[in-house]
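Inspection log for the structure reproduced underneath, given as structure tokens.
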Protein chains: 2
Amino acid sequence: MDELTEPEQRILAAARKVFERDGYAGARMQHIADEAGISKASLHYYFRSKEKLFQRIFDEYITRIVPVFSAWNDDGDDWQPKVRTFMKGMMKAISESPMLLIAREFDRDPSKMEALLTARRKKPNAFAAYFERLSKAGLVRDIDPRPLIMAMQALCAYPYMNKAFLCAAMRMDPKQYNAYLDQYTDQAADIIIRAMKK
Amino acid sequence: MDELTEPEQRILAAARKVFERDGYAGARMQHIADEAGISKASLHYYFRSKEKLFQRIFDEYITRIVPVFSAWNDDGDDWQPKVRTFMKGMMKAISESPMLLIAREFDRDPSKMEALLTARRKKPNAFAAYFERLSKAGLVRDIDPRPLIMAMQALCAYPYMNKAFLCAAMRMDPKQYNAYLDQYTDQAADIIIRAMKK
DNA sequence: ATTAGGTTTGACTATTTGGTCAAACCAATT
DNA sequence: AATTGGTTTGACCAAATAGTCAAACCTAAT
């Protein structure tokens, strides 16, 4: 069904690269064509317009990220390792998908939100439900789960979204910074676990 | 010294609005002129080029935000209210300056980082120093301060940087969301305090 | 009233950019 | 060899856009 021809794949990879780097407004169709090693006319042959090409890629990101954000299966296992695993997965997904691009382009075109809303509509806030059960069972503190949702996202996404600024703020070069992010994943999970623990 | 004429102020306000909304690549000099109620030629009369105008505004943001990020005065008072006050100030500063724009444009032009680096060079990581004293005095846990720095920034900045996404993720309309952010400020501070407390 | 100096703008330019199209290309089929 | 149908592209177009400039405008000093 969703078979992609080889040139289509090359184009999509090129487009991802250019859109991520330059944003929608800054991206140039010619640059995408160059990156894919084809002519601009061919690029338009495969994907009618810049907007269509971008939408395709944007939707791809959304539908890839949303499931990660609600991956809470409520078996009886300990919640602490679950939090740790969840945040590790979140960090990985975000490091691969450009949250900055998503934030960048979300309000440019309000219809961009549709994909997110439909992807999200099915599942009823998985973490909130999970947390409520833990709370009722007396396993965690009885607090508002919303700041926890915000915080998990924030701790995972922000280090990638504002990389350059953080490098400067923490006096690290990008190499040191990336190395540090490995340790950080666990430290960030610790913060959330402490916020939940009785 | 830094007296700004009335049209200059109008232009800068207009430019802030347009650059924040559209980013550098998406911003149009004509839109800025319209917003300021003058002709495009006049706009160029006051600020030679788009790049110069943007640089001016960008530097303004950086020099306004950086001091807030290192506002740790180490008198003998309790550290917990200090953390709370600090994060409140940070949230306010970030809600007024567009962290998303900063993140957006930081790597477009590497020289954008200079302003940040020079503004930062003076002060030797105020929080790290403060935290070390607290830690040696046995007032807080003895842990790596870096995730705390990251977390404070993340918790304060992310809710503004990814507003639209979070609205959708938490099923709130923008009005509800803004209302919630008031409570959130304290909840976020709680998370940091818990991470520091023994 | 005239002058002088800063301010404002409509009209214009050069360049960039998304998008089109007819012609060329190429591989498979007859 | 000829035909067919999908693919590729150089050449081109129309619109948008940053930036320029000479002329008009305005105000305060002479």
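Starting from 1 in every chain, residues are counted up; chains themselves are A, B, ... following the order of the structure tokens, and ligands are numbered from 1 as listed.
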Compute the set of chain B residues within 12 Å of chain D, using only C-alpha atoms (C1' of nucleotides), and express it as a PDB file with all heavy atoms, in the first residue's frame.
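The new file iface04.pdb reads:
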ATOM      1  N   ALA B  25      13.274  34.048   8.640  1.00  0.00           N
ATOM      2  CA  ALA B  25      13.058  33.738   7.223  1.00  0.00           C
ATOM      3  C   ALA B  25      11.629  34.066   6.800  1.00  0.00           C
ATOM      4  O   ALA B  25      11.398  34.498   5.677  1.00  0.00           O
ATOM      5  CB  ALA B  25      13.373  32.269   6.943  1.00  0.00           C
ATOM      6  N   GLY B  26      10.683  33.880   7.698  1.00  0.00           N
ATOM      7  CA  GLY B  26       9.294  34.099   7.338  1.00  0.00           C
ATOM      8  C   GLY B  26       8.847  35.547   7.454  1.00  0.00           C
ATOM      9  O   GLY B  26       7.812  35.926   6.910  1.00  0.00           O
ATOM     10  N   ALA B  27       9.622  36.361   8.150  1.00  0.00           N
ATOM     11  CA  ALA B  27       9.239  37.767   8.355  1.00  0.00           C
ATOM     12  C   ALA B  27       9.415  38.561   7.068  1.00  0.00           C
ATOM     13  O   ALA B  27      10.327  38.292   6.285  1.00  0.00           O
ATOM     14  CB  ALA B  27      10.071  38.369   9.473  1.00  0.00           C
ATOM     15  N   ARG B  28       8.568  39.537   6.841  1.00  0.00           N
ATOM     16  CA  ARG B  28       8.621  40.394   5.654  1.00  0.00           C
ATOM     17  C   ARG B  28       8.781  41.844   6.078  1.00  0.00           C
ATOM     18  O   ARG B  28       8.028  42.319   6.937  1.00  0.00           O
ATOM     19  CB  ARG B  28       7.339  40.255   4.826  1.00  0.00           C
ATOM     20  CG  ARG B  28       7.069  38.857   4.333  1.00  0.00           C
ATOM     21  CD  ARG B  28       7.991  38.448   3.210  1.00  0.00           C
ATOM     22  NE  ARG B  28       7.957  37.011   2.984  1.00  0.00           N
ATOM     23  CZ  ARG B  28       8.999  36.211   3.199  1.00  0.00           C
ATOM     24  NH1 ARG B  28      10.139  36.692   3.667  1.00  0.00           N
ATOM     25  NH2 ARG B  28       8.914  34.930   2.954  1.00  0.00           N
ATOM     26  N   MET B  29       9.734  42.513   5.466  1.00  0.00           N
ATOM     27  CA  MET B  29       9.970  43.920   5.812  1.00  0.00           C
ATOM     28  C   MET B  29       8.694  44.746   5.607  1.00  0.00           C
ATOM     29  O   MET B  29       8.412  45.661   6.364  1.00  0.00           O
ATOM     30  CB  MET B  29      11.107  44.476   4.959  1.00  0.00           C
ATOM     31  CG  MET B  29      12.473  43.895   5.307  1.00  0.00           C
ATOM     32  SD  MET B  29      12.991  44.198   7.007  1.00  0.00           S
ATOM     33  CE  MET B  29      13.960  45.697   6.817  1.00  0.00           C
ATOM     34  N   GLN B  30       7.930  44.408   4.590  1.00  0.00           N
ATOM     35  CA  GLN B  30       6.686  45.130   4.333  1.00  0.00           C
ATOM     36  C   GLN B  30       5.712  44.982   5.500  1.00  0.00           C
ATOM     37  O   GLN B  30       5.061  45.947   5.900  1.00  0.00           O
ATOM     38  CB  GLN B  30       6.047  44.603   3.036  1.00  0.00           C
ATOM     39  CG  GLN B  30       4.819  45.387   2.606  1.00  0.00           C
ATOM     40  CD  GLN B  30       5.160  46.838   2.269  1.00  0.00           C
ATOM     41  OE1 GLN B  30       5.946  47.110   1.386  1.00  0.00           O
ATOM     42  NE2 GLN B  30       4.585  47.782   3.009  1.00  0.00           N
ATOM     43  N   HIS B  31       5.635  43.786   6.047  1.00  0.00           N
ATOM     44  CA  HIS B  31       4.731  43.568   7.179  1.00  0.00           C
ATOM     45  C   HIS B  31       5.157  44.388   8.385  1.00  0.00           C
ATOM     46  O   HIS B  31       4.328  44.926   9.112  1.00  0.00           O
ATOM     47  CB  HIS B  31       4.690  42.076   7.539  1.00  0.00           C
ATOM     48  CG  HIS B  31       4.061  41.226   6.491  1.00  0.00           C
ATOM     49  ND1 HIS B  31       4.164  39.847   6.495  1.00  0.00           N
ATOM     50  CD2 HIS B  31       3.336  41.542   5.387  1.00  0.00           C
ATOM     51  CE1 HIS B  31       3.509  39.357   5.442  1.00  0.00           C
ATOM     52  NE2 HIS B  31       3.023  40.370   4.755  1.00  0.00           N
ATOM     53  N   LYS B  40       7.912  51.161   3.608  1.00  0.00           N
ATOM     54  CA  LYS B  40       9.064  50.274   3.639  1.00  0.00           C
ATOM     55  C   LYS B  40      10.365  51.071   3.483  1.00  0.00           C
ATOM     56  O   LYS B  40      11.384  50.746   4.095  1.00  0.00           O
ATOM     57  CB  LYS B  40       8.935  49.246   2.506  1.00  0.00           C
ATOM     58  CG  LYS B  40       9.912  48.104   2.583  1.00  0.00           C
ATOM     59  CD  LYS B  40       9.429  46.921   1.764  1.00  0.00           C
ATOM     60  CE  LYS B  40       9.303  47.258   0.296  1.00  0.00           C
ATOM     61  NZ  LYS B  40      10.453  46.791  -0.508  1.00  0.00           N
ATOM     62  N   ALA B  41      10.305  52.124   2.678  1.00  0.00           N
ATOM     63  CA  ALA B  41      11.493  52.963   2.486  1.00  0.00           C
ATOM     64  C   ALA B  41      11.918  53.609   3.800  1.00  0.00           C
ATOM     65  O   ALA B  41      13.103  53.671   4.118  1.00  0.00           O
ATOM     66  CB  ALA B  41      11.221  54.020   1.432  1.00  0.00           C
ATOM     67  N   SER B  42      10.935  54.080   4.562  1.00  0.00           N
ATOM     68  CA  SER B  42      11.252  54.666   5.869  1.00  0.00           C
ATOM     69  C   SER B  42      11.882  53.626   6.786  1.00  0.00           C
ATOM     70  O   SER B  42      12.827  53.911   7.527  1.00  0.00           O
ATOM     71  CB  SER B  42       9.996  55.219   6.530  1.00  0.00           C
ATOM     72  OG  SER B  42       9.720  56.515   6.070  1.00  0.00           O
ATOM     73  N   LEU B  43      11.333  52.428   6.736  1.00  0.00           N
ATOM     74  CA  LEU B  43      11.878  51.350   7.565  1.00  0.00           C
ATOM     75  C   LEU B  43      13.364  51.173   7.275  1.00  0.00           C
ATOM     76  O   LEU B  43      14.193  51.107   8.196  1.00  0.00           O
ATOM     77  CB  LEU B  43      11.111  50.061   7.260  1.00  0.00           C
ATOM     78  CG  LEU B  43      11.558  48.795   7.987  1.00  0.00           C
ATOM     79  CD1 LEU B  43      11.555  48.986   9.485  1.00  0.00           C
ATOM     80  CD2 LEU B  43      10.655  47.636   7.599  1.00  0.00           C
ATOM     81  N   HIS B  44      13.717  51.177   5.996  1.00  0.00           N
ATOM     82  CA  HIS B  44      15.125  51.021   5.629  1.00  0.00           C
ATOM     83  C   HIS B  44      15.938  52.262   5.966  1.00  0.00           C
ATOM     84  O   HIS B  44      17.151  52.184   6.124  1.00  0.00           O
ATOM     85  CB  HIS B  44      15.251  50.699   4.137  1.00  0.00           C
ATOM     86  CG  HIS B  44      15.111  49.247   3.836  1.00  0.00           C
ATOM     87  ND1 HIS B  44      13.910  48.672   3.527  1.00  0.00           N
ATOM     88  CD2 HIS B  44      16.008  48.241   3.833  1.00  0.00           C
ATOM     89  CE1 HIS B  44      14.084  47.374   3.331  1.00  0.00           C
ATOM     90  NE2 HIS B  44      15.337  47.084   3.508  1.00  0.00           N
ATOM     91  N   TYR B  45      15.268  53.391   6.045  1.00  0.00           N
ATOM     92  CA  TYR B  45      15.961  54.620   6.444  1.00  0.00           C
ATOM     93  C   TYR B  45      16.460  54.494   7.885  1.00  0.00           C
ATOM     94  O   TYR B  45      17.569  54.907   8.210  1.00  0.00           O
ATOM     95  CB  TYR B  45      15.022  55.811   6.287  1.00  0.00           C
ATOM     96  CG  TYR B  45      15.548  57.105   6.828  1.00  0.00           C
ATOM     97  CD1 TYR B  45      16.502  57.835   6.138  1.00  0.00           C
ATOM     98  CD2 TYR B  45      15.091  57.605   8.046  1.00  0.00           C
ATOM     99  CE1 TYR B  45      16.991  59.036   6.638  1.00  0.00           C
ATOM    100  CE2 TYR B  45      15.566  58.797   8.557  1.00  0.00           C
ATOM    101  CZ  TYR B  45      16.517  59.516   7.847  1.00  0.00           C
ATOM    102  OH  TYR B  45      16.998  60.698   8.348  1.00  0.00           O
ATOM    103  N   PHE B  47      16.591  51.488   9.821  1.00  0.00           N
ATOM    104  CA  PHE B  47      17.413  50.284  10.043  1.00  0.00           C
ATOM    105  C   PHE B  47      17.828  49.740   8.687  1.00  0.00           C
ATOM    106  O   PHE B  47      16.992  49.233   7.944  1.00  0.00           O
ATOM    107  CB  PHE B  47      16.627  49.238  10.831  1.00  0.00           C
ATOM    108  CG  PHE B  47      16.243  49.704  12.202  1.00  0.00           C
ATOM    109  CD1 PHE B  47      15.048  50.374  12.403  1.00  0.00           C
ATOM    110  CD2 PHE B  47      17.086  49.499  13.281  1.00  0.00           C
ATOM    111  CE1 PHE B  47      14.694  50.819  13.674  1.00  0.00           C
ATOM    112  CE2 PHE B  47      16.738  49.937  14.551  1.00  0.00           C
ATOM    113  CZ  PHE B  47      15.543  50.604  14.745  1.00  0.00           C
ATOM    114  N   ARG B  48      19.089  49.826   8.411  1.00  0.00           N
ATOM    115  CA  ARG B  48      19.581  49.605   7.046  1.00  0.00           C
ATOM    116  C   ARG B  48      19.073  48.333   6.394  1.00  0.00           C
ATOM    117  O   ARG B  48      18.680  48.347   5.251  1.00  0.00           O
ATOM    118  CB  ARG B  48      21.115  49.557   7.063  1.00  0.00           C
ATOM    119  CG  ARG B  48      21.714  50.877   7.493  1.00  0.00           C
ATOM    120  CD  ARG B  48      22.962  51.178   6.734  1.00  0.00           C
ATOM    121  NE  ARG B  48      23.414  52.537   7.041  1.00  0.00           N
ATOM    122  CZ  ARG B  48      24.610  52.988   6.748  1.00  0.00           C
ATOM    123  NH1 ARG B  48      25.473  52.195   6.144  1.00  0.00           N
ATOM    124  NH2 ARG B  48      24.943  54.218   7.046  1.00  0.00           N
ATOM    125  N   SER B  49      19.123  47.231   7.119  1.00  0.00           N
ATOM    126  CA  SER B  49      18.745  45.963   6.480  1.00  0.00           C
ATOM    127  C   SER B  49      17.953  45.083   7.446  1.00  0.00           C
ATOM    128  O   SER B  49      17.926  45.315   8.658  1.00  0.00           O
ATOM    129  CB  SER B  49      19.995  45.214   6.034  1.00  0.00           C
ATOM    130  OG  SER B  49      20.711  44.766   7.161  1.00  0.00           O
ATOM    131  N   LYS B  50      17.330  44.091   6.881  1.00  0.00           N
ATOM    132  CA  LYS B  50      16.565  43.127   7.675  1.00  0.00           C
ATOM    133  C   LYS B  50      17.481  42.473   8.718  1.00  0.00           C
ATOM    134  O   LYS B  50      17.124  42.371   9.889  1.00  0.00           O
ATOM    135  CB  LYS B  50      15.988  42.075   6.728  1.00  0.00           C
ATOM    136  CG  LYS B  50      15.065  41.074   7.391  1.00  0.00           C
ATOM    137  CD  LYS B  50      14.582  40.038   6.369  1.00  0.00           C
ATOM    138  CE  LYS B  50      13.655  39.028   7.008  1.00  0.00           C
ATOM    139  NZ  LYS B  50      13.227  37.974   6.060  1.00  0.00           N
ATOM    140  N   GLU B  51      18.648  42.059   8.265  1.00  0.00           N
ATOM    141  CA  GLU B  51      19.586  41.391   9.167  1.00  0.00           C
ATOM    142  C   GLU B  51      19.971  42.297  10.332  1.00  0.00           C
ATOM    143  O   GLU B  51      20.000  41.869  11.484  1.00  0.00           O
ATOM    144  CB  GLU B  51      20.829  40.961   8.379  1.00  0.00           C
ATOM    145  CG  GLU B  51      21.876  40.225   9.199  1.00  0.00           C
ATOM    146  CD  GLU B  51      21.372  38.911   9.787  1.00  0.00           C
ATOM    147  OE1 GLU B  51      20.666  38.196   9.081  1.00  0.00           O
ATOM    148  OE2 GLU B  51      21.674  38.623  10.974  1.00  0.00           O
TER     149      GLU B  51
END
Chain C residues within 10 Å of chain B, counting only C-alpha atoms (C1' of nucleotides): which ones, as a PDB file with N, CA and C atoms (P, O5', C5', C4', C3', O3' and C1' of nucleotides), in the first residue's frame?
ATOM      1  P    DT C   7      15.861  62.566  11.288  1.00  0.00           P
ATOM      2  O5'  DT C   7      14.630  62.508  10.271  1.00  0.00           O
ATOM      3  C5'  DT C   7      13.432  63.194  10.637  1.00  0.00           C
ATOM      4  C4'  DT C   7      12.365  62.997   9.584  1.00  0.00           C
ATOM      5  C3'  DT C   7      11.934  61.546   9.336  1.00  0.00           C
ATOM      6  O3'  DT C   7      10.536  61.521   9.518  1.00  0.00           O
ATOM      7  C1'  DT C   7      12.286  62.680   7.294  1.00  0.00           C
ATOM      8  P    DT C   8       9.733  60.143   9.600  1.00  0.00           P
ATOM      9  O5'  DT C   8       9.190  60.021   8.124  1.00  0.00           O
ATOM     10  C5'  DT C   8       8.247  60.983   7.646  1.00  0.00           C
ATOM     11  C4'  DT C   8       7.913  60.682   6.210  1.00  0.00           C
ATOM     12  C3'  DT C   8       7.657  59.201   5.913  1.00  0.00           C
ATOM     13  O3'  DT C   8       6.288  59.033   5.578  1.00  0.00           O
ATOM     14  C1'  DT C   8       9.024  60.230   4.239  1.00  0.00           C
ATOM     15  P    DT C   9       5.720  57.585   5.299  1.00  0.00           P
ATOM     16  O5'  DT C   9       5.817  57.573   3.713  1.00  0.00           O
ATOM     17  C5'  DT C   9       5.349  58.705   2.995  1.00  0.00           C
ATOM     18  C4'  DT C   9       5.670  58.551   1.528  1.00  0.00           C
ATOM     19  C3'  DT C   9       5.457  57.144   0.969  1.00  0.00           C
ATOM     20  O3'  DT C   9       4.677  57.221  -0.189  1.00  0.00           O
ATOM     21  C1'  DT C   9       7.559  57.968   0.315  1.00  0.00           C
ATOM     22  P    DG C  10       3.582  56.154  -0.518  1.00  0.00           P
ATOM     23  O5'  DG C  10       3.525  56.279  -2.116  1.00  0.00           O
ATOM     24  C5'  DG C  10       3.505  57.575  -2.721  1.00  0.00           C
ATOM     25  C4'  DG C  10       4.169  57.520  -4.079  1.00  0.00           C
ATOM     26  C3'  DG C  10       3.774  56.325  -4.937  1.00  0.00           C
ATOM     27  O3'  DG C  10       3.716  56.748  -6.308  1.00  0.00           O
ATOM     28  C1'  DG C  10       6.106  56.228  -4.477  1.00  0.00           C
TER      29       DG C  10
END
Can you check which residues of chain B have any atom within 8 Å of chain A? Use only C-alpha atoms and format it as a PyMOL selection string. chain B and resi 22+25-26+100+103-104+106-108+113+116-117+120+125+147+150-151+154-155+157-159+161-166+168-170+184+187-188+190-192+194-195
Please identify the alpha helix (DSSP H) residues within chain B (assignment by DSSP from backbone atoms) and present them as a PyMOL selection string. chain B and resi 6-26+29-36+40-46+50-69+79-96+99-106+112-121+126-136+146-161+163-169+174-196
